[in-house]
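Asker: After the structure tokens below, expect a handful of questions from me.
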Amino acid sequence: MSNRTGSRRRFSGGFAIVALAGLCLGGCASSDDITGALATPAAAPRPAVPARAAAPAPAPRAATGSSHPDMHPTALARAEANFSRCIAGLEPKARAAGVSAAGFRRYTAGLTPDMTIMEKLQTQPEFSRTAGDYVNMLVSETRIQKGRQAMAQNAAVFEAVERTYGVDKYVVAAIWGIETNYGSARGSYQVLQATGTLACVGRRQAYFRDEFVAALRILDRGDIPESHLKGSWAGAFGLTQFMPTAFQRDAVDFDGDGHRNVVDSVADAMGSTANKLKRGGWVAGRSWGYEVVLPRGFNYLLADKHAQKTMAQWAALGVRRPEGRQMPRGDETAYLLLPAGAKGPAFLMTGNFKAILSYNPADAYALAIGHLADRIRGGGPFVQPWPEDMRALSRAERSELQQRLSARGYDPGPADGALGQKTRVAVREYQVSVGMLPDGMATGEVLDSLRN
């Protein structure tokens with residue numbers, strides 16, 4: 001990592017700039033919400049569920065590759081042969097976005113597709129860990145210690161970033177740690193080639209054309225040298241993994257040298273990350289959330305992101321922080337998250353948790369960020385243990401669960417294996433009907449019950 005020595009107009013004092021693999025689309029988790037903790041609110045515990053006619057459950061669908069016509073071998077070969085014409089056809093879009101004619105010609109001359117990316121687009125790895133396994137994997141002692149070292153080496157940067165944006169510096173550091181292991185694993189794909197490939201080949205062309213044009217703008221403006229603009233196969237790059245369009249929205253020149261270089265400048269990367277969180281709704285002086293203990297007989301139907309209550313209202317329901325810790329200010333609002341269902345730890349999540357979700361919309365990811373931040377700060381592990389007997393469902397099993405719920409008359413949405421809001425509501429309704437705690441978690445226990 002090269003030092004940046006330009007004018008530092010945004011803060012005073014000298015500082016040393018030093019620099020999990022970087023994952024696609026700027027996050028370590030799938031955009032699927034794997035926690036199963038979100039559900040619709042209800043006024044009374046254990047309400048009656050309308051009787052539903054039983055129906056034979058369909059056989060589970062076998063997991064298959066993409067059936068999208070643009071992913072067929074013939075279509076891929078045709079798109080590869082047409083690649084140069086496709087790229088040339090994007091010049092009007094690029095020019096309209098501010099890319100110069102000379103810049104477009106320079107950076108697209110001789111550009112070729114990387115067809116190995118199609119294999120990754122076709123067979124993205126399945127996310128089948130429990131929330132507890134995921135958090136424990138990311139919030140390791142090694143990552144905690146490296147985070148403290150990175151913050152100490154860049155103390156002036158982190159102080160200035162927190163002062164400028166009002167965003168907790170430990171959360172910013174945690175994103176750095178989880179996205180690229182503090183810069184040591186940022187990806188080796190050329191961002192322009194990766195986004196150009198996806199803009200002209202495969203099933204995500206419409207989305208990636210904007211990313212390709214944004215990557216051209218970065219190079220044309222001179223923010224980041226072309227040889228340094230490397231990242232994931234999907235185009236995320238830099239110390240905290242920005243997609244090109246996110247870079248255009250949120251990146252800042254925090255070290256004041258005239259370039260927004262989130263690859264080589266720790267100051268620019270941390271400032272840009274804080275700016276993104278602030279734009280996502282971060283409120284200065286508040287935590288991302290709090291671990292809590294629920295009373296016996298608690299109404300688990302209140303575990304719902306839409307069931308916002310003040311801390312005073314949660315306390316009136318018997319919700320407490322563990323080990324006698326003081327509850328936050330009574331007028332602060334939060335919702336209850338059960339990332340491992342009724343058997344695991346519980347959390348009251350503030351609006352700042354939603355700000356972290358704006359970086360990556362997966363509960364387990366945001367929880368790992370918040371927890372790593374607290375551990376770097378000096379906090380301890382969660383008090384309540386993660387359940388050891390919880391089995392994460394594979395995508396095929398999640399699809400089967402959705403089919404079986406549908407066959408029983410519930411509405412879980414499409415049987416696509418993605419645990420969206422409809423699936424969680426259907427799971428919770430089913431749990432109520434069979435006498436389970438209605439936490440909305442799509443677990444092996446629920447699937448076994450549906451099979452039986």
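Letters A, B, ... mark the chains of the structure tokens in the order given; residue numbers begin at 1 per chain; ligand numbers begin at 1, in order shown.
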For segment 153-223 of chain A against segment 124-148 of chain A, with a cut-off of 8 Å and counting only C-alpha atoms, what is the closest atom pair and its distance in Å to one decimal for every residue that makes the cut, ordered by chain and number, as JSON lines?
Answerer:
{"residue": "A:Ala173", "atom": "CA", "partner": "A:Gly147", "partner_atom": "CA", "distance": 6.6}
{"residue": "A:Ala174", "atom": "CA", "partner": "A:Gly147", "partner_atom": "CA", "distance": 7.1}
{"residue": "A:Gly177", "atom": "CA", "partner": "A:Gly147", "partner_atom": "CA", "distance": 6.5}
{"residue": "A:Ile178", "atom": "CA", "partner": "A:Leu138", "partner_atom": "CA", "distance": 6.7}
{"residue": "A:Asn181", "atom": "CA", "partner": "A:Arg143", "partner_atom": "CA", "distance": 7.3}
{"residue": "A:Tyr182", "atom": "CA", "partner": "A:Gly147", "partner_atom": "CA", "distance": 7.4}
Asker: Using the selection just defined, write its residues with C-alpha atoms as a PDB file, in the first residue's frame.
Answerer:
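part.pdb was written with the following content:
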ATOM      1  CA  ALA A 173     -13.164  -0.189  10.970  1.00  0.00           C
ATOM      2  CA  ALA A 174     -15.327  -3.293  11.270  1.00  0.00           C
ATOM      3  CA  GLY A 177     -12.120  -5.784   8.489  1.00  0.00           C
ATOM      4  CA  ILE A 178     -15.012  -7.877   7.246  1.00  0.00           C
ATOM      5  CA  ASN A 181      -9.561  -8.233   6.098  1.00  0.00           C
ATOM      6  CA  TYR A 182      -8.134  -4.710   6.469  1.00  0.00           C
TER       7      TYR A 182
END
Asker: Taking 5 positions as the minimum chain separation for residues in the same chain, which residues sit within 7 Å of Trp288 of chain A when counting only C-alpha atoms? Answer as a PyMOL selection string.
Answerer: chain A and resi 349-350+352-353+370
Asker: Tell me which of A:Phe237, A:Tyr300, A:Trp282, A:Tyr170 sits closest to Gly378 of chain A, counting only C-alpha atoms.
Answerer: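 Of all the options, A:Tyr170 lies closest to Gly378 of chain A.
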Asker: Residues of segment 244-322 of chain A classed as strand (DSSP E or B) by DSSP on the backbone are to be reported as a ChimeraX atom specification.
Answerer: /A:289-293,309-310,320
Asker: I'd like to know which of A:Arg203, A:Arg209, A:Arg217, A:His68 is closest to Gly103 of chain A, using only C-alpha atoms.
Answerer: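 The shortest atom-to-atom distance to Gly103 of chain A comes from A:Arg217.
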